[in-house]
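Asker: File follows, start-v9.txt with compact mmCIF, C-alpha atoms:
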# COMPACT_ATOMS: atom_id res chain seq x y z
CA ALA A 1 102.18 127.55 74.98
CA ALA A 2 102.61 123.79 74.54
CA SER A 3 106.38 124.07 75.03
CA GLU A 4 105.83 125.80 78.38
CA ARG A 5 103.28 123.22 79.51
CA GLN A 6 105.77 120.44 78.82
CA ALA A 7 108.05 121.88 81.51
CA LEU A 8 105.34 121.25 84.13
CA LEU A 9 104.20 118.05 85.80
CA PRO A 10 101.26 116.69 83.74
CA ALA A 11 99.10 116.23 86.84
CA ALA A 12 99.78 119.85 87.82
CA VAL A 13 98.58 121.00 84.42
CA GLY A 14 95.54 118.73 84.82
CA GLY A 15 94.66 120.50 88.04
CA ALA A 16 94.66 123.83 86.18
CA GLN A 17 92.19 122.65 83.55
CA ALA A 18 88.40 122.64 83.54
CA ARG A 19 85.90 121.15 81.12
CA GLY A 20 84.14 123.80 79.05
CA ALA A 21 80.71 123.85 77.45
CA ASP A 22 82.27 122.25 74.37
CA GLY A 23 83.19 119.17 76.45
CA ALA A 24 86.93 119.78 76.06
CA GLN A 25 89.48 120.52 78.78
CA HIS A 26 90.76 124.10 78.83
CA LEU A 27 93.61 125.65 80.79
CA TYR A 28 92.17 128.30 83.10
CA GLY A 29 95.31 129.18 85.05
CA LEU A 30 98.94 128.40 85.64
CA PRO A 31 100.00 125.84 88.28
CA ILE A 32 102.99 127.09 90.24
CA SER A 33 103.31 124.64 93.15
CA THR A 34 102.10 121.17 94.04
CA ASP A 35 101.36 118.93 96.99
CA THR A 36 101.13 115.15 97.08
CA LEU A 37 101.60 112.23 99.45
CA ALA A 38 104.73 110.37 100.48
CA LEU A 39 106.05 108.16 103.24
CA PHE A 40 107.91 109.88 106.10
CA TYR A 41 109.98 107.80 108.51
CA ASP A 42 112.60 107.98 111.25
CA LYS A 43 115.81 106.47 109.86
CA ARG A 44 116.99 105.57 113.36
CA ASN A 45 114.31 102.88 113.41
CA LEU A 46 113.93 102.02 109.74
CA LEU A 47 117.07 101.69 107.64
CA ARG A 48 115.27 101.11 104.35
CA ALA A 49 111.87 102.34 103.20
CA PRO A 50 109.37 99.53 102.48
CA GLU A 51 108.66 98.97 98.81
CA ASP A 52 105.26 97.32 99.23
CA THR A 53 102.39 97.51 101.70
CA ASP A 54 102.96 94.06 103.20
CA THR A 55 106.51 95.09 104.14
CA LEU A 56 105.21 98.41 105.46
CA ILE A 57 102.73 96.71 107.79
CA SER A 58 105.27 94.10 108.86
CA ASN A 59 107.77 96.84 109.73
CA ALA A 60 105.10 98.78 111.58
CA HIS A 61 104.16 95.72 113.65
CA GLY A 62 107.80 95.15 114.57
CA LEU A 63 108.40 98.75 115.57
CA GLY A 64 105.12 99.52 117.31
CA ASP A 65 103.92 98.88 120.84
CA PRO A 66 100.40 100.23 121.50
CA ALA A 67 100.89 99.70 125.24
CA ALA A 68 103.83 102.13 125.34
CA PRO A 69 102.26 103.77 123.34
CA ARG A 70 104.49 103.74 120.27
CA TRP A 71 103.12 103.45 116.75
CA GLY A 72 105.04 101.89 113.89
CA LEU A 73 102.65 103.50 111.40
CA ALA A 74 100.26 106.46 111.51
CA PHE A 75 97.90 106.66 108.53
CA ASN A 76 94.87 108.92 108.35
CA LEU A 77 92.46 106.89 106.24
CA SER A 78 90.65 109.87 104.76
CA LEU A 79 89.47 109.68 101.17
CA ASP A 80 92.10 112.10 99.84
CA ASN A 81 94.86 110.17 101.64
CA THR A 82 93.83 106.72 100.41
CA ILE A 83 92.22 107.22 96.98
CA GLY A 84 95.56 106.51 95.27
CA TYR A 85 95.37 102.91 96.44
CA LEU A 86 91.95 102.50 94.80
CA TYR A 87 93.74 102.75 91.45
CA ALA A 88 96.57 100.49 92.61
CA ALA A 89 93.92 97.91 93.48
CA GLY A 90 92.51 98.10 89.96
CA GLY A 91 89.43 100.10 90.92
CA ARG A 92 87.88 103.02 89.09
CA ILE A 93 85.05 105.44 89.77
CA PHE A 94 84.76 106.72 86.20
CA ASP A 95 86.32 105.47 83.00
CA ASP A 96 88.37 107.62 80.64
CA LYS A 97 85.20 108.83 78.87
CA GLY A 98 83.52 109.91 82.10
CA ALA A 99 81.14 106.96 82.40
CA LEU A 100 80.42 105.73 85.93
CA VAL A 101 82.02 102.28 86.39
CA LEU A 102 82.28 101.96 90.18
CA GLY A 103 79.66 99.20 90.31
CA SER A 104 80.72 97.48 87.07
CA THR A 105 84.27 97.25 85.69
CA GLY A 106 85.65 99.17 88.67
CA ARG A 107 83.95 96.99 91.28
CA ALA A 108 86.54 94.25 91.85
CA GLY A 109 89.34 96.74 92.44
CA ALA A 110 87.16 98.95 94.64
CA GLU A 111 86.23 95.94 96.81
CA ARG A 112 89.92 95.04 97.11
CA TRP A 113 90.73 98.62 98.13
CA LEU A 114 87.99 98.80 100.75
CA SER A 115 88.90 95.41 102.21
CA TRP A 116 92.52 96.54 102.58
CA LEU A 117 91.46 99.77 104.29
CA LYS A 118 89.25 97.77 106.66
CA GLN A 119 92.22 95.55 107.49
CA LEU A 120 94.33 98.60 108.37
CA HIS A 121 91.51 100.19 110.35
CA ASP A 122 90.91 97.11 112.47
CA ASP A 123 94.58 96.42 113.21
CA PRO A 124 95.17 97.37 116.88
CA GLN A 125 98.92 97.65 116.26
CA LEU A 126 98.47 100.50 113.75
CA LEU A 127 97.30 104.06 114.24
CA ALA A 128 95.14 103.86 111.11
CA ARG A 129 91.77 105.49 111.56
CA SER A 130 89.30 107.43 109.48
CA ASP A 131 88.95 111.14 110.33
CA SER A 132 91.70 110.81 112.94
CA SER A 133 93.92 113.75 112.00
CA ILE A 134 93.83 115.31 115.49
CA GLU A 135 94.81 112.07 117.21
CA ILE A 136 97.57 111.39 114.69
CA ASP A 137 98.88 114.94 115.01
CA ARG A 138 99.02 114.58 118.79
CA GLU A 139 100.90 111.28 118.62
CA LEU A 140 103.34 112.64 116.04
CA LYS A 141 104.12 115.75 118.06
CA GLY A 142 104.57 113.56 121.13
CA GLY A 143 107.29 111.57 119.36
CA ARG A 144 105.30 108.34 119.45
CA VAL A 145 105.13 107.66 115.68
CA LEU A 146 107.95 106.18 113.59
CA ILE A 147 106.39 106.02 110.09
CA SER A 148 103.68 108.26 108.64
CA VAL A 149 101.81 108.81 105.38
CA ASP A 150 101.46 112.55 104.84
CA TRP A 151 101.51 115.46 102.41
CA ALA A 152 104.55 117.24 101.01
CA HIS A 153 103.62 120.53 102.67
CA GLN A 154 104.35 118.86 106.02
CA LEU A 155 108.02 118.36 105.15
CA SER A 156 109.28 121.11 107.46
CA PHE A 157 107.27 119.65 110.35
CA TYR A 158 108.87 116.22 109.93
CA ARG A 159 112.28 117.83 109.61
CA SER A 160 111.73 119.56 112.95
CA LEU A 161 110.56 116.23 114.38
CA TRP A 162 113.36 113.95 113.20
CA GLY A 163 116.06 116.31 111.93
CA GLU A 164 118.88 114.62 110.02
CA ASN A 165 117.20 111.25 110.66
CA LEU A 166 114.23 112.11 108.45
CA GLY A 167 113.61 109.72 105.60
CA VAL A 168 111.20 110.44 102.71
CA ALA A 169 110.12 107.74 100.27
CA PRO A 170 107.43 107.12 97.65
CA LEU A 171 104.24 105.44 98.81
CA PRO A 172 104.80 101.66 98.70
CA ARG A 173 103.19 99.49 96.05
CA LEU A 174 99.99 97.66 96.95
CA ALA A 175 101.22 94.12 97.64
CA ALA A 176 98.03 92.44 96.39
CA THR A 177 98.53 93.78 92.85
CA ASN A 178 102.18 94.92 92.93
CA GLN A 179 100.98 98.25 91.51
CA PRO A 180 102.03 101.70 92.73
CA PRO A 181 99.35 104.03 94.07
CA GLN A 182 98.24 107.08 92.11
CA PRO A 183 97.62 109.69 94.80
CA TYR A 184 96.06 113.06 94.18
CA LEU A 185 98.27 115.98 93.23
CA ARG A 186 97.00 119.31 94.50
CA SER A 187 98.01 122.35 92.49
CA ASP A 188 98.15 125.98 93.55
CA VAL A 189 96.96 127.77 90.45
CA LEU A 190 97.29 131.42 89.46
CA ALA A 191 94.42 132.70 87.32
CA ILE A 192 93.72 136.10 85.77
CA ASN A 193 90.45 137.97 86.28
CA SER A 194 88.71 138.05 82.92
CA ARG A 195 87.66 141.66 83.59
CA ALA A 196 91.27 142.84 83.78
CA ALA A 197 92.16 145.72 81.47
CA ALA A 198 94.80 145.27 78.80
CA ALA A 199 97.62 146.75 80.89
CA GLU A 200 96.63 144.71 83.95
CA ARG A 201 96.44 141.56 81.84
CA ALA A 202 99.92 142.19 80.45
CA ALA A 203 101.30 142.69 83.97
CA ALA A 204 99.56 139.55 85.20
CA LEU A 205 100.90 137.49 82.32
CA ALA A 206 104.43 138.76 83.02
CA PHE A 207 104.06 137.77 86.67
CA LEU A 208 102.79 134.31 85.72
CA ALA A 209 105.71 133.85 83.36
CA TYR A 210 108.13 134.74 86.16
CA MET A 211 106.44 132.38 88.66
CA ALA A 212 106.81 129.52 86.16
CA SER A 213 110.47 130.32 85.51
CA ALA A 214 113.25 128.09 86.79
CA GLU A 215 114.46 130.94 89.02
CA ALA A 216 111.17 131.40 90.88
CA GLN A 217 110.46 127.68 91.02
CA ALA A 218 113.86 127.11 92.64
CA VAL A 219 113.07 129.70 95.31
CA LEU A 220 109.83 127.87 96.10
CA LEU A 221 111.72 124.60 96.45
CA GLN A 222 114.30 126.16 98.75
CA SER A 223 111.35 127.09 101.00
CA ASP A 224 110.02 123.48 101.05
CA ILE A 225 107.24 124.30 98.57
CA GLN A 226 107.18 121.68 95.84
CA PRO A 227 107.27 123.35 92.40
CA ALA A 228 105.05 122.56 89.44
CA ARG A 229 108.06 122.69 87.11
CA ASP A 230 109.44 119.22 86.44
CA GLY A 231 112.84 119.91 84.92
CA LEU A 232 114.66 121.73 87.70
CA LYS A 233 118.28 120.65 88.16
CA LEU A 234 118.16 119.91 91.86
CA ASN A 235 121.92 119.83 92.36
CA GLU A 236 122.35 123.35 90.97
CA ILE A 237 119.98 125.42 93.11
CA GLY A 238 121.60 125.42 96.54
CA LEU A 239 119.85 122.47 98.17
CA ASP A 240 121.49 120.12 100.63
CA ALA A 241 121.47 116.35 100.12
CA ALA A 242 118.38 115.82 102.29
CA GLN A 243 116.39 118.48 100.41
CA ILE A 244 117.42 117.01 97.07
CA GLY A 245 116.37 113.54 98.17
CA ALA A 246 112.96 114.72 99.37
CA ALA A 247 112.33 116.87 96.29
CA ASP A 248 113.22 113.95 94.04
CA VAL A 249 110.72 111.71 95.86
CA PHE A 250 107.91 114.26 95.58
CA ARG A 251 108.67 114.89 91.91
CA ASN A 252 108.65 111.16 91.07
CA GLN A 253 105.47 110.68 93.09
CA GLY A 254 103.92 113.61 91.24
CA ARG A 255 104.70 112.07 87.86
CA GLN A 256 102.37 109.15 88.59
CA ALA A 257 99.79 111.16 90.52
CA LEU A 258 96.29 112.13 89.42
CA PRO A 259 95.07 115.75 89.31
CA MET A 260 92.83 116.71 92.20
CA PRO A 261 89.29 116.74 90.68
CA ASN A 262 87.88 120.23 90.24
CA SER A 263 84.63 119.80 88.30
CA PRO A 264 81.25 121.07 89.56
CA THR A 265 80.37 117.53 90.71
CA ARG A 266 83.58 117.07 92.69
CA GLU A 267 82.06 117.72 96.12
CA LEU A 268 79.08 115.46 95.46
CA VAL A 269 81.34 112.59 94.36
CA ARG A 270 83.72 113.17 97.26
CA ARG A 271 80.84 113.10 99.74
CA GLU A 272 79.48 109.82 98.35
CA LEU A 273 82.91 108.16 98.32
CA ALA A 274 83.64 109.33 101.86
CA GLN A 275 80.33 107.82 102.97
CA LEU A 276 81.27 104.61 101.13
CA GLN A 277 84.47 104.44 103.16
CA ARG A 278 82.73 105.13 106.46
CA GLN A 279 80.15 102.41 105.89
CA VAL A 280 82.84 99.80 105.36
CA LEU A 281 85.30 100.95 108.03
CA ARG A 282 82.58 101.09 110.67
CA GLY A 283 81.32 97.66 109.68
CA ASP A 284 77.90 98.99 108.64
CA ALA A 285 78.11 97.33 105.21
CA SER A 286 80.28 94.93 103.28
CA PRO A 287 82.45 96.37 100.49
CA ALA A 288 80.16 94.79 97.88
CA ASP A 289 76.94 96.17 99.37
CA ALA A 290 78.42 99.61 100.01
CA ILE A 291 79.65 99.85 96.41
CA THR A 292 76.24 98.87 95.06
CA GLU A 293 74.52 101.53 97.17
CA THR A 294 77.04 104.22 96.24
CA ASP A 295 76.90 103.40 92.54
CA THR A 296 73.10 103.65 92.65
CA ARG A 297 73.14 107.02 94.43
CA LEU A 298 75.72 108.44 92.03
CA ARG A 299 73.71 107.30 89.00
CA GLU A 300 70.61 108.93 90.41
CA GLN A 301 72.41 112.21 91.00
CA ILE A 302 74.89 112.61 88.14
CA GLY A 303 74.51 109.55 85.92
CA THR A 304 77.74 109.19 83.94
CA ALA A 305 78.93 112.74 84.37
CA GLN A 306 82.62 113.46 84.59
CA PRO A 307 83.96 113.48 88.19
Could the structure of this file be written out as structure tokens, please?

Answerer:
Amino acid sequence: AASERQALLPAAVGGAQARGADGAQHLYGLPISTDTLALFYDKRNLLRAPEDTDTLISNAHGLGDPAAPRWGLAFNLSLDNTIGYLYAAGGRIFDDKGALVLGSTGRAGAERWLSWLKQLHDDPQLLARSDSSIEIDRELKGGRVLISVDWAHQLSFYRSLWGENLGVAPLPRLAATNQPPQPYLRSDVLAINSRAAAAERAAALAFLAYMASAEAQAVLLQSDIQPARDGLKLNEIGLDAAQIGAADVFRNQGRQALPMPNSPTRELVRRELAQLQRQVLRGDASPADAITETDTRLREQIGTAQP
């Protein structure tokens, strides 16, 4: 029901929708938990979270020492981790009607995004690499990283790493545009088998209703699983101050996030965009040339289809 949907984060609902043959979005399941990006940091070294990317990089330079080694910032520059900054840069892949605009109205912002990623990648004082999750994980576990961009499901890991000194903050604004990023929001969705008998369907619906209730959503949050429900009263469900602070950050980040794409063309688009990134980060093509090539390939394969 519409009233029940309103209790959920809009991006979580978006991740539980699919476009039908009629061209409209339809809810195919119920989102119960979410995952999105945030900034994790050691408060013993950083008293205040940076509000924009220039401050973030400046802080990282001041804290890091590659010779030690000690890294002021660890940032895996994968597509899913960085796509939010494409939108902060003013770029778009598709417009609101599903038309491909990467090489047209979305070009300037996409070039700005790729140039910024290349700057991070080439900075020897930062642990910012593409497809570097293993290296970053090793440096984090070795206690050699002070700031990291990571997903909400890693909260318990960072708590074990930094304990009471753990700080969690929203991703900083892109300094070039002063706009906040719009990262992906992943949703865990419960769906019902369409072949279920009437009694099974009724039981499944009752279970879904319980999982969306404030009671069940609070239990998820107490276990460091970020709920899809937006209206939980965090100070009334047995959380400590650190848990409340982290949950508030993830909820606010989720309010400006974008649903993780789930259409049939998702993997094709993801593959092309990942190749676009690799071309630029490796220095094989300029942002402008790489965008032109990617736009051409996408048009040949899907035209203006919805992502």

Asker: Give me the segment 209-304 of chain A side of the contact with segment 75-97 of chain A, cut-off 9 Å, one line per residue showing its nearest atom pair and distance in Å at one decimal, counting only C-alpha atoms, sorted by chain and residue number, as CSV.

Answerer:
residue,atom,partner,partner_atom,distance
A:Ala257,CA,A:Gly84,CA,7.9
A:Leu258,CA,A:Gly84,CA,8.1
A:Met260,CA,A:Asp80,CA,9.0
A:Arg270,CA,A:Leu79,CA,7.8
A:Leu273,CA,A:Leu79,CA,7.3
A:Ala274,CA,A:Leu79,CA,5.9
A:Gln277,CA,A:Leu79,CA,7.5
A:Asp295,CA,A:Ile93,CA,8.8
A:Thr304,CA,A:Phe94,CA,7.8

Asker: Need to verify the contact set: Gly72 of chain A, 6 Å, all atoms listed in the file, exclusion of same-chain residues closer than 3 positions in sequence. Can you return it as number ranges by chain?

Answerer: A: 60, 63-64, 146-147

Asker: May I have the residues within 9 Å of Asn235 of chain A as number ranges by chain, using all atoms listed in the file and disregarding those fewer than 5 positions away in the same chain?

Answerer: A: 240-241, 244

Asker: Could you name the residues that touch Arg44 of chain A at 10 Å or less, counting only C-alpha atoms, but leaving out those on the same chain fewer than 5 positions away, as a list in words?

Answerer: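 Using only C-alpha atoms, the neighbours found are Leu146, Trp162, Glu164, Asn165, Leu166 and Gly167 of chain A.
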
Asker: Would you mind listing, for every residue of segment 121-168 of chain A within 9 Å of segment 27-39 of chain A, the two atoms forming the shortest contact and the distance between them in Å to one decimal, using all atoms listed in the file, sorted by chain and ascending residue number, as JSON lines?

Answerer:
{"residue": "A:Ile147", "atom": "CA", "partner": "A:Leu39", "partner_atom": "CA", "distance": 7.2}
{"residue": "A:Ser148", "atom": "CA", "partner": "A:Leu39", "partner_atom": "CA", "distance": 5.9}
{"residue": "A:Val149", "atom": "CA", "partner": "A:Leu39", "partner_atom": "CA", "distance": 4.8}
{"residue": "A:Asp150", "atom": "CA", "partner": "A:Leu37", "partner_atom": "CA", "distance": 5.4}
{"residue": "A:Trp151", "atom": "CA", "partner": "A:Leu37", "partner_atom": "CA", "distance": 4.4}
{"residue": "A:Ala152", "atom": "CA", "partner": "A:Asp35", "partner_atom": "CA", "distance": 5.4}
{"residue": "A:His153", "atom": "CA", "partner": "A:Asp35", "partner_atom": "CA", "distance": 6.3}
{"residue": "A:Gly167", "atom": "CA", "partner": "A:Leu39", "partner_atom": "CA", "distance": 8.1}
{"residue": "A:Val168", "atom": "CA", "partner": "A:Leu39", "partner_atom": "CA", "distance": 5.7}

Asker: Calculate how many Å separate atom CA of Ala11 of chain A from atom CA of Gly231 of chain A, rounding to one decimal.

Answerer: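 Result for atom CA of Ala11 of chain A versus atom CA of Gly231 of chain A: 14.4 Å, one decimal.
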
Asker: Can you tell me how far atom CA of Thr294 of chain A sits from atom CA of Arg282 of chain A, in Å to one decimal?

Answerer: 15.8 Å

Asker: By how many Å are atom CA of Leu8 of chain A and atom CA of Asp230 of chain A apart?

Answerer: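 Calculated distance between atom CA of Leu8 of chain A and atom CA of Asp230 of chain A is 5.1 Å.
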
Asker: Supply segment 3-14 of chain A as an mmCIF file, keeping the file's coordinate frame, with all heavy atoms built in where the input has gaps.

Answerer:
data_model
loop_
_atom_site.group_PDB
_atom_site.id
_atom_site.type_symbol
_atom_site.label_atom_id
_atom_site.label_comp_id
_atom_site.auth_asym_id
_atom_site.auth_seq_id
_atom_site.Cartn_x
_atom_site.Cartn_y
_atom_site.Cartn_z
ATOM 1 N N SER A 3 105.002 124.273 74.572
ATOM 2 C CA SER A 3 106.380 124.070 75.030
ATOM 3 C C SER A 3 106.520 124.424 76.509
ATOM 4 O O SER A 3 107.307 123.795 77.229
ATOM 5 C CB SER A 3 107.333 124.929 74.200
ATOM 6 O OG SER A 3 107.007 126.308 74.326
ATOM 7 N N GLU A 4 105.772 125.419 76.970
ATOM 8 C CA GLU A 4 105.830 125.800 78.380
ATOM 9 C C GLU A 4 105.094 124.794 79.253
ATOM 10 O O GLU A 4 105.481 124.530 80.389
ATOM 11 C CB GLU A 4 105.248 127.203 78.555
ATOM 12 C CG GLU A 4 106.083 128.278 77.859
ATOM 13 C CD GLU A 4 105.384 129.626 77.831
ATOM 14 O OE1 GLU A 4 104.138 129.642 77.762
ATOM 15 O OE2 GLU A 4 106.075 130.647 77.866
ATOM 16 N N ARG A 5 104.016 124.236 78.747
ATOM 17 C CA ARG A 5 103.280 123.220 79.510
ATOM 18 C C ARG A 5 104.138 121.970 79.721
ATOM 19 O O ARG A 5 104.048 121.316 80.749
ATOM 20 C CB ARG A 5 102.003 122.816 78.768
ATOM 21 C CG ARG A 5 100.967 123.909 78.635
ATOM 22 C CD ARG A 5 99.680 123.346 78.094
ATOM 23 N NE ARG A 5 98.770 124.390 77.644
ATOM 24 C CZ ARG A 5 97.508 124.178 77.351
ATOM 25 N NH1 ARG A 5 97.001 122.968 77.451
ATOM 26 N NH2 ARG A 5 96.737 125.162 76.932
ATOM 27 N N GLN A 6 104.958 121.652 78.733
ATOM 28 C CA GLN A 6 105.770 120.440 78.820
ATOM 29 C C GLN A 6 106.794 120.515 79.943
ATOM 30 O O GLN A 6 107.306 119.494 80.382
ATOM 31 C CB GLN A 6 106.468 120.194 77.477
ATOM 32 C CG GLN A 6 105.513 119.778 76.373
ATOM 33 C CD GLN A 6 106.190 119.665 75.016
ATOM 34 O OE1 GLN A 6 107.387 119.940 74.879
ATOM 35 N NE2 GLN A 6 105.440 119.267 73.993
ATOM 36 N N ALA A 7 107.100 121.716 80.412
ATOM 37 C CA ALA A 7 108.050 121.880 81.510
ATOM 38 C C ALA A 7 107.407 121.609 82.862
ATOM 39 O O ALA A 7 108.099 121.555 83.876
ATOM 40 C CB ALA A 7 108.640 123.282 81.488
ATOM 41 N N LEU A 8 106.077 121.432 82.883
ATOM 42 C CA LEU A 8 105.340 121.250 84.130
ATOM 43 C C LEU A 8 104.910 119.808 84.291
ATOM 44 O O LEU A 8 104.758 119.062 83.313
ATOM 45 C CB LEU A 8 104.104 122.154 84.133
ATOM 46 C CG LEU A 8 104.348 123.650 83.905
ATOM 47 C CD1 LEU A 8 103.025 124.381 83.734
ATOM 48 C CD2 LEU A 8 105.144 124.245 85.052
ATOM 49 N N LEU A 9 104.718 119.398 85.548
ATOM 50 C CA LEU A 9 104.200 118.050 85.800
ATOM 51 C C LEU A 9 102.813 117.917 85.155
ATOM 52 O O LEU A 9 101.954 118.781 85.346
ATOM 53 C CB LEU A 9 104.082 117.804 87.299
ATOM 54 C CG LEU A 9 105.388 117.592 88.062
ATOM 55 C CD1 LEU A 9 105.142 117.717 89.572
ATOM 56 C CD2 LEU A 9 105.972 116.218 87.739
ATOM 57 N N PRO A 10 102.559 116.849 84.404
ATOM 58 C CA PRO A 10 101.260 116.690 83.740
ATOM 59 C C PRO A 10 100.078 116.773 84.704
ATOM 60 O O PRO A 10 99.043 117.370 84.380
ATOM 61 C CB PRO A 10 101.369 115.306 83.094
ATOM 62 C CG PRO A 10 102.830 115.141 82.840
ATOM 63 C CD PRO A 10 103.507 115.788 84.008
ATOM 64 N N ALA A 11 100.206 116.183 85.890
ATOM 65 C CA ALA A 11 99.100 116.230 86.840
ATOM 66 C C ALA A 11 98.870 117.640 87.355
ATOM 67 O O ALA A 11 97.742 118.006 87.697
ATOM 68 C CB ALA A 11 99.356 115.281 88.012
ATOM 69 N N ALA A 12 99.935 118.453 87.420
ATOM 70 C CA ALA A 12 99.780 119.850 87.820
ATOM 71 C C ALA A 12 99.005 120.618 86.768
ATOM 72 O O ALA A 12 98.127 121.423 87.086
ATOM 73 C CB ALA A 12 101.142 120.486 88.064
ATOM 74 N N VAL A 13 99.322 120.365 85.507
ATOM 75 C CA VAL A 13 98.580 121.000 84.420
ATOM 76 C C VAL A 13 97.122 120.540 84.451
ATOM 77 O O VAL A 13 96.198 121.337 84.252
ATOM 78 C CB VAL A 13 99.220 120.664 83.056
ATOM 79 C CG1 VAL A 13 98.375 121.229 81.914
ATOM 80 C CG2 VAL A 13 100.638 121.224 82.983
ATOM 81 N N GLY A 14 96.909 119.254 84.741
ATOM 82 C CA GLY A 14 95.540 118.730 84.820
ATOM 83 C C GLY A 14 94.726 119.433 85.882
ATOM 84 O O GLY A 14 93.521 119.652 85.709
#
